[in-house]
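The structure file data29.cif is reproduced below (mmCIF, C-alpha atoms).
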```cif
data_target
#
loop_
_atom_site.label_atom_id
_atom_site.label_comp_id
_atom_site.auth_asym_id
_atom_site.auth_seq_id
_atom_site.Cartn_x
_atom_site.Cartn_y
_atom_site.Cartn_z
CA MET C 1 -18.34 -6.60 -20.40
CA GLN C 2 -21.69 -4.81 -20.47
CA MET C 3 -23.15 -3.83 -23.83
CA THR C 4 -26.58 -2.72 -24.98
CA LEU C 5 -27.65 -3.51 -28.53
CA GLY C 6 -29.94 -1.26 -30.51
CA GLU C 7 -30.71 -0.07 -34.01
CA ALA C 8 -30.33 3.32 -35.68
CA GLY C 9 -30.88 4.10 -39.34
CA GLY C 10 -30.37 0.49 -40.38
CA ALA C 11 -27.16 0.07 -38.39
CA LEU C 12 -26.59 -2.20 -35.42
CA VAL C 13 -25.65 0.05 -32.49
CA ILE C 14 -23.49 -1.45 -29.76
CA GLU C 15 -23.39 0.78 -26.71
CA LEU C 16 -20.51 -0.10 -24.45
CA ARG C 17 -21.66 0.20 -20.85
CA GLU C 18 -18.20 0.48 -19.36
CA THR C 19 -16.18 3.51 -18.26
CA ARG C 20 -12.79 2.02 -19.22
CA LEU C 21 -11.73 0.15 -22.35
CA ASP C 22 -8.23 -0.94 -21.37
CA ALA C 23 -5.73 -3.80 -21.18
CA ALA C 24 -7.73 -5.45 -18.37
CA VAL C 25 -10.83 -5.91 -20.58
CA ALA C 26 -9.55 -5.82 -24.18
CA ILE C 27 -9.94 -9.56 -24.79
CA ARG C 28 -13.40 -9.68 -23.21
CA PHE C 29 -14.40 -6.70 -25.36
CA LYS C 30 -13.40 -8.48 -28.56
CA ASP C 31 -15.25 -11.64 -27.51
CA ALA C 32 -18.36 -9.62 -26.69
CA ILE C 33 -18.25 -7.88 -30.08
CA ARG C 34 -17.86 -11.27 -31.76
CA SER C 35 -21.03 -12.55 -30.03
CA ALA C 36 -22.99 -9.34 -30.63
CA THR C 37 -22.24 -9.46 -34.36
CA ALA C 38 -22.48 -13.23 -34.82
CA HIS C 39 -25.25 -12.84 -37.39
CA PRO C 40 -24.10 -11.20 -40.60
CA GLY C 41 -25.91 -8.04 -41.50
CA SER C 42 -26.01 -4.32 -41.13
CA PRO C 43 -23.17 -1.87 -40.52
CA VAL C 44 -22.13 -1.53 -36.90
CA ILE C 45 -21.85 1.66 -34.83
CA LEU C 46 -19.88 1.33 -31.62
CA ASP C 47 -21.15 3.90 -29.13
CA LEU C 48 -18.33 4.80 -26.72
CA GLY C 49 -20.31 7.53 -24.93
CA ASN C 50 -19.82 5.90 -21.51
CA VAL C 51 -16.10 5.29 -21.98
CA GLU C 52 -13.99 7.85 -20.12
CA PHE C 53 -10.67 6.15 -20.70
CA MET C 54 -9.15 3.97 -23.43
CA ASP C 55 -5.54 2.80 -23.75
CA SER C 56 -3.68 1.29 -26.71
CA SER C 57 -4.99 -2.20 -25.84
CA GLY C 58 -8.53 -0.82 -26.10
CA LEU C 59 -7.67 0.78 -29.43
CA GLY C 60 -6.14 -2.51 -30.61
CA ALA C 61 -9.32 -4.34 -29.61
CA ILE C 62 -11.47 -1.93 -31.66
CA VAL C 63 -9.15 -2.44 -34.65
CA GLY C 64 -9.49 -6.19 -34.06
CA ALA C 65 -13.28 -5.84 -34.03
CA MET C 66 -13.14 -3.92 -37.32
CA LYS C 67 -11.09 -6.71 -38.91
CA LEU C 68 -13.42 -9.34 -37.47
CA LEU C 69 -16.39 -7.70 -39.20
CA GLY C 70 -14.54 -7.54 -42.51
CA PRO C 71 -14.58 -4.95 -45.28
CA GLU C 72 -18.23 -5.62 -46.21
CA ARG C 73 -19.49 -4.62 -42.78
CA PRO C 74 -18.04 -1.26 -41.74
CA LEU C 75 -17.47 -0.45 -38.09
CA GLU C 76 -18.10 3.18 -37.17
CA ILE C 77 -17.54 4.71 -33.76
CA ALA C 78 -19.43 7.39 -31.91
CA ALA C 79 -19.32 9.77 -28.93
CA LEU C 80 -15.62 9.85 -28.02
CA SER C 81 -14.56 11.54 -24.78
CA PRO C 82 -11.63 13.97 -25.14
CA GLY C 83 -9.14 11.41 -23.74
CA VAL C 84 -10.37 8.65 -26.05
CA ARG C 85 -10.29 10.99 -29.04
CA LYS C 86 -6.71 11.91 -28.17
CA VAL C 87 -5.58 8.26 -28.49
CA PHE C 88 -7.27 8.00 -31.91
CA ARG C 89 -5.73 11.30 -33.03
CA LEU C 90 -2.16 10.67 -31.86
CA THR C 91 -2.05 7.25 -33.52
CA ARG C 92 -3.83 8.67 -36.61
CA MET C 93 -6.37 5.86 -36.32
CA ASP C 94 -9.02 8.58 -36.62
CA THR C 95 -8.18 8.41 -40.35
CA VAL C 96 -9.40 4.82 -40.75
CA PHE C 97 -12.64 4.95 -38.77
CA ARG C 98 -15.72 7.01 -39.48
CA ILE C 99 -16.25 8.86 -36.21
CA HIS C 100 -19.61 10.37 -35.17
CA ASP C 101 -19.53 13.19 -32.64
CA HIS C 102 -22.63 12.04 -30.79
CA SER C 103 -24.34 8.81 -29.79
CA PRO C 104 -26.83 7.70 -32.45
CA ASP C 105 -30.53 8.09 -31.77
CA THR C 106 -30.99 4.44 -30.99
CA GLN C 107 -34.19 2.39 -31.01
CA ALA C 108 -34.40 -0.63 -28.73
CA PHE C 109 -33.30 -3.67 -30.69
CA PRO C 110 -36.43 -5.40 -32.04
CA ALA C 111 -37.15 -8.72 -30.39
CA THR C 112 -36.77 -11.65 -32.75
CA GLY C 113 -38.71 -14.87 -33.06
CA MET O 1 -2.10 6.75 0.16
CA ILE O 2 -1.11 10.41 0.08
CA GLN O 3 2.02 11.15 2.07
CA SER O 4 3.14 14.53 3.22
CA ASP O 5 6.47 15.77 1.91
CA PRO O 6 9.01 18.24 3.29
CA THR O 7 7.93 20.62 0.51
CA PRO O 8 4.29 21.74 0.46
CA LEU O 9 3.74 20.15 -2.96
CA PRO O 10 1.49 17.09 -2.94
CA VAL O 11 2.96 13.66 -3.62
CA LEU O 12 1.22 10.39 -4.32
CA THR O 13 3.32 7.36 -3.36
CA THR O 14 1.67 4.07 -4.08
CA CYS O 15 2.24 0.59 -5.49
CA CYS O 16 0.41 -2.32 -7.04
CA ASN O 17 0.83 -5.93 -8.04
CA SER O 18 1.55 -6.63 -11.71
CA SER O 19 -1.88 -8.05 -12.61
CA LEU O 20 -3.82 -6.02 -15.16
CA ASN O 21 -6.72 -5.68 -12.69
CA ASP O 22 -4.42 -4.27 -10.00
CA VAL O 23 -2.85 -1.95 -12.58
CA ARG O 24 -6.33 -0.70 -13.44
CA ALA O 25 -7.14 -0.02 -9.77
CA LEU O 26 -3.91 1.97 -9.43
CA LEU O 27 -4.71 4.03 -12.52
CA VAL O 28 -8.14 4.86 -11.08
CA GLN O 29 -6.41 5.94 -7.83
CA VAL O 30 -4.03 8.23 -9.78
CA ASP O 31 -6.93 9.75 -11.72
CA LYS O 32 -8.81 10.51 -8.47
CA PHE O 33 -5.69 11.97 -6.84
CA LEU O 34 -4.96 14.30 -9.77
CA HIS O 35 -8.57 15.47 -10.02
CA ALA O 36 -8.66 16.06 -6.25
CA GLN O 37 -5.62 18.34 -6.62
CA GLY O 38 -7.43 20.42 -9.22
CA THR O 39 -5.17 19.31 -12.10
CA PRO O 40 -6.68 20.46 -15.43
CA ALA O 41 -8.45 17.58 -17.21
CA GLU O 42 -6.19 17.63 -20.28
CA TRP O 43 -3.07 16.90 -18.22
CA VAL O 44 -4.84 14.26 -16.18
CA GLU O 45 -5.72 12.57 -19.50
CA ASP O 46 -2.09 12.69 -20.61
CA MET O 47 -0.85 11.22 -17.34
CA ASN O 48 -3.57 8.53 -17.45
CA ILE O 49 -2.60 7.50 -20.97
CA ILE O 50 1.16 7.44 -20.29
CA LEU O 51 0.81 5.52 -17.04
CA ALA O 52 -1.65 3.00 -18.50
CA GLU O 53 0.86 2.18 -21.24
CA VAL O 54 3.90 2.10 -18.93
CA LEU O 55 2.22 -0.06 -16.29
CA SER O 56 0.55 -2.51 -18.66
CA ASN O 57 3.89 -2.96 -20.47
CA ILE O 58 5.57 -3.77 -17.16
CA ALA O 59 2.77 -6.19 -16.27
CA ARG O 60 2.76 -7.97 -19.64
CA HIS O 61 6.41 -7.85 -20.71
CA GLY O 62 8.51 -6.92 -17.66
CA TYR O 63 6.91 -9.51 -15.41
CA SER O 64 5.03 -11.55 -18.08
CA ASP O 65 4.95 -15.08 -16.60
CA MET O 66 5.82 -13.96 -13.07
CA SER O 67 4.16 -11.61 -10.66
CA GLY O 68 5.79 -8.65 -8.98
CA ARG O 69 5.44 -5.25 -7.50
CA ILE O 70 5.26 -1.90 -9.32
CA ASP O 71 6.04 1.28 -7.36
CA LEU O 72 4.81 4.67 -8.42
CA GLU O 73 5.44 8.20 -7.25
CA ILE O 74 3.75 11.30 -8.69
CA ARG O 75 4.95 14.69 -7.51
CA LEU O 76 2.98 17.79 -8.39
CA GLY O 77 5.23 20.70 -9.27
CA MET O 78 4.12 24.23 -9.98
CA ASN O 79 4.20 23.66 -13.75
CA GLU O 80 4.47 19.93 -14.21
CA LEU O 81 3.60 16.48 -12.92
CA ARG O 82 6.75 14.47 -12.22
CA CYS O 83 6.47 10.72 -12.24
CA ARG O 84 8.72 7.82 -11.27
CA VAL O 85 7.84 4.17 -11.90
CA SER O 86 9.99 1.29 -10.68
CA ASP O 87 9.73 -2.49 -10.91
CA LYS O 88 11.87 -5.60 -10.64
CA GLY O 89 10.84 -7.17 -13.94
CA ARG O 90 13.02 -7.82 -16.96
CA PRO O 91 15.25 -4.98 -18.14
CA PHE O 92 14.20 -3.17 -21.32
CA ASP O 93 15.55 -0.42 -23.48
CA PRO O 94 12.95 2.25 -24.27
CA LYS O 95 15.41 3.95 -26.64
CA LEU O 96 14.69 1.24 -29.19
CA ILE O 97 10.91 1.40 -29.25
CA GLY O 98 7.97 3.63 -30.07
CA HIS O 99 9.60 6.21 -32.31
CA ARG O 100 6.88 5.73 -34.92
CA ALA O 101 3.25 4.72 -34.75
CA PRO O 102 2.19 1.82 -36.96
CA GLU O 103 0.86 2.96 -40.34
CA PRO O 104 -2.92 3.39 -39.75
CA THR O 105 -3.99 1.59 -42.93
CA ARG O 106 -2.16 -1.57 -41.85
CA LEU O 107 -4.78 -1.96 -39.10
CA ARG O 108 -2.30 -3.23 -36.55
CA GLU O 109 -3.82 -4.34 -33.25
CA GLY O 110 -0.72 -3.45 -31.22
CA GLY O 111 2.46 -1.43 -31.28
CA TYR O 112 0.92 1.91 -30.28
CA GLY O 113 1.80 1.93 -26.57
CA TRP O 114 5.34 3.29 -26.54
CA PHE O 115 4.49 5.71 -29.34
CA LEU O 116 1.77 7.20 -27.10
CA ILE O 117 4.20 7.40 -24.17
CA ARG O 118 6.77 9.22 -26.33
CA SER O 119 4.11 11.55 -27.74
CA LEU O 120 2.95 12.74 -24.32
CA ALA O 121 5.84 12.35 -21.84
CA ARG O 122 8.76 14.78 -21.51
CA ALA O 123 12.30 13.99 -20.36
CA LEU O 124 11.79 10.25 -20.41
CA THR O 125 14.71 8.53 -18.68
CA TYR O 126 15.32 4.87 -17.94
CA HIS O 127 17.85 3.35 -15.55
CA ARG O 128 18.49 -0.19 -14.50
CA VAL O 129 20.00 -0.24 -11.03
CA LYS O 130 20.84 -3.75 -9.79
CA ASP O 131 17.57 -5.65 -10.25
CA THR O 132 15.31 -2.60 -10.56
CA ASN O 133 13.97 -0.78 -13.60
CA CYS O 134 13.36 2.90 -13.00
CA LEU O 135 11.51 5.10 -15.47
CA THR O 136 11.06 8.82 -14.90
CA PHE O 137 9.26 11.46 -16.94
CA TRP O 138 7.15 14.54 -16.54
CA VAL O 139 4.02 15.97 -18.03
CA PRO O 140 3.85 19.74 -18.49
CA VAL O 141 0.86 21.56 -17.06
CA GLY O 142 -0.31 24.49 -19.14
CA HIS O 143 -0.84 26.86 -16.25
CA LYS O 144 -0.03 26.84 -12.58
CA LEU O 145 -1.88 24.19 -10.63
CA PRO O 146 -4.53 25.50 -8.26
CA ILE O 147 -3.08 23.35 -5.50
CA ALA O 148 -5.07 23.68 -2.32
CA ALA O 149 -1.96 22.98 -0.20
CA LEU O 150 -0.20 26.06 -1.55
CA ALA O 151 -2.93 28.42 -0.39
CA ASP O 152 -2.00 27.82 3.27
#
```

I need this file expressed as structure tokens, please.
Amino acid sequence: MQMTLGEAGGALVIELRETRLDAAVAIRFKDAIRSATAHPGSPVILDLGNVEFMDSSGLGAIVGAMKLLGPERPLEIAALSPGVRKVFRLTRMDTVFRIHDHSPDTQAFPATG
Amino acid sequence: MIQSDPTPLPVLTTCCNSSLNDVRALLVQVDKFLHAQGTPAEWVEDMNIILAEVLSNIARHGYSDMSGRIDLEIRLGMNELRCRVSDKGRPFDPKLIGHRAPEPTRLREGGYGWFLIRSLARALTYHRVKDTNCLTFWVPVGHKLPIAALAD
């Protein structure tokens, strides 16, 4: 599961570097989000700009990630392809996530230590 | 594998093993086939979503602790994509599932699959014949397919 971490407007940006978020990778996705957000902090924007296809397991994994972060740390999503947007719309899960039309203008994540 | 058919309409006949990785490879093959036939993107998306849900359900619930084969046929009609999926996993009754999506605010992590299938597939039928499950459905195509084969 390839992800790139960055920062935009005080939010942690997680860019998924995969073309499919589906049943084959849903568990790995959730584990990767857990590691990427291990340190408490800023809101999280999940950039799905590279994802061409997502199934209900992928959607479930994003909902799982939202629950993992908890109510104090909102998970927003960005840059949905038409097929991905369709899954959010049909299930009405577009009503519980803040969805950005475009990928955020991300700065490289500052090195720590 | 694309086989020729007595009619000039293209058919994809293929199969995969019931692992989620093999299912994914099959879905990629279907996507390429439909794009190669000039199917409009919106209907390719619908077919991709339906098939992903159908096949991953067979892999996880139909075969669950065993492994088996899933057969797939997609037939391009003038105004629709007709699909047939068969497997030898456990029988199931699609009539009982997926009539409603989970309430969004409950933040459920599952239970959306059959709702998506029902939302996008037309004329969904299920038969169990001997040891085989057979699911058929079609996806409407908004305008006639620009099928290269028909131009000949």

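Interface residues of chain C facing chain O, defined by any atom at most 9 Å away and using only C-alpha atoms, are C:Asp22, C:Ala23, C:Ala24, C:Val25, C:Phe53, C:Met54, C:Asp55, C:Ser56, C:Ser57, C:Leu59, C:Gly60, C:Ala61, C:Ile62, C:Val63, C:Gly64, C:Met66, C:Lys67, C:Pro82, C:Gly83, C:Val84, C:Lys86, C:Val87, C:Leu90, C:Thr91, C:Arg92, C:Met93, C:Asp94, C:Thr95, C:Val96.
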
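Take atom CA of C:Gly41 and atom CA of C:Gly10: the distance between them is 9.7 Å.
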
I'd like the interatomic distance between atom CA of C:His39 and atom CA of C:Val51, to a tenth of an Å.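 Atom-to-atom, atom CA of C:His39 and atom CA of C:Val51 are spaced 25.5 Å apart.
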
Top pick for closest residue to O:Ser67, considering O:Asp87, O:Asp131, O:Glu80, O:Asp93 and counting all atoms listed in the file: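 Counting all atoms listed in the file, the residue closest to O:Ser67 is O:Asp87.
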
Using the chain letters and residue numbers of this document, give as number ranges by chain the residues selected by the PyMOL selection byres ((chain C and resi 76) around 6). C: 45, 75, 77, 97-98

Computed interatomic separation between atom CA of C:Gln107 and atom CA of C:Ala8 (Å):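 Separating atom CA of C:Gln107 from atom CA of C:Ala8 is a distance of 6.1 Å.
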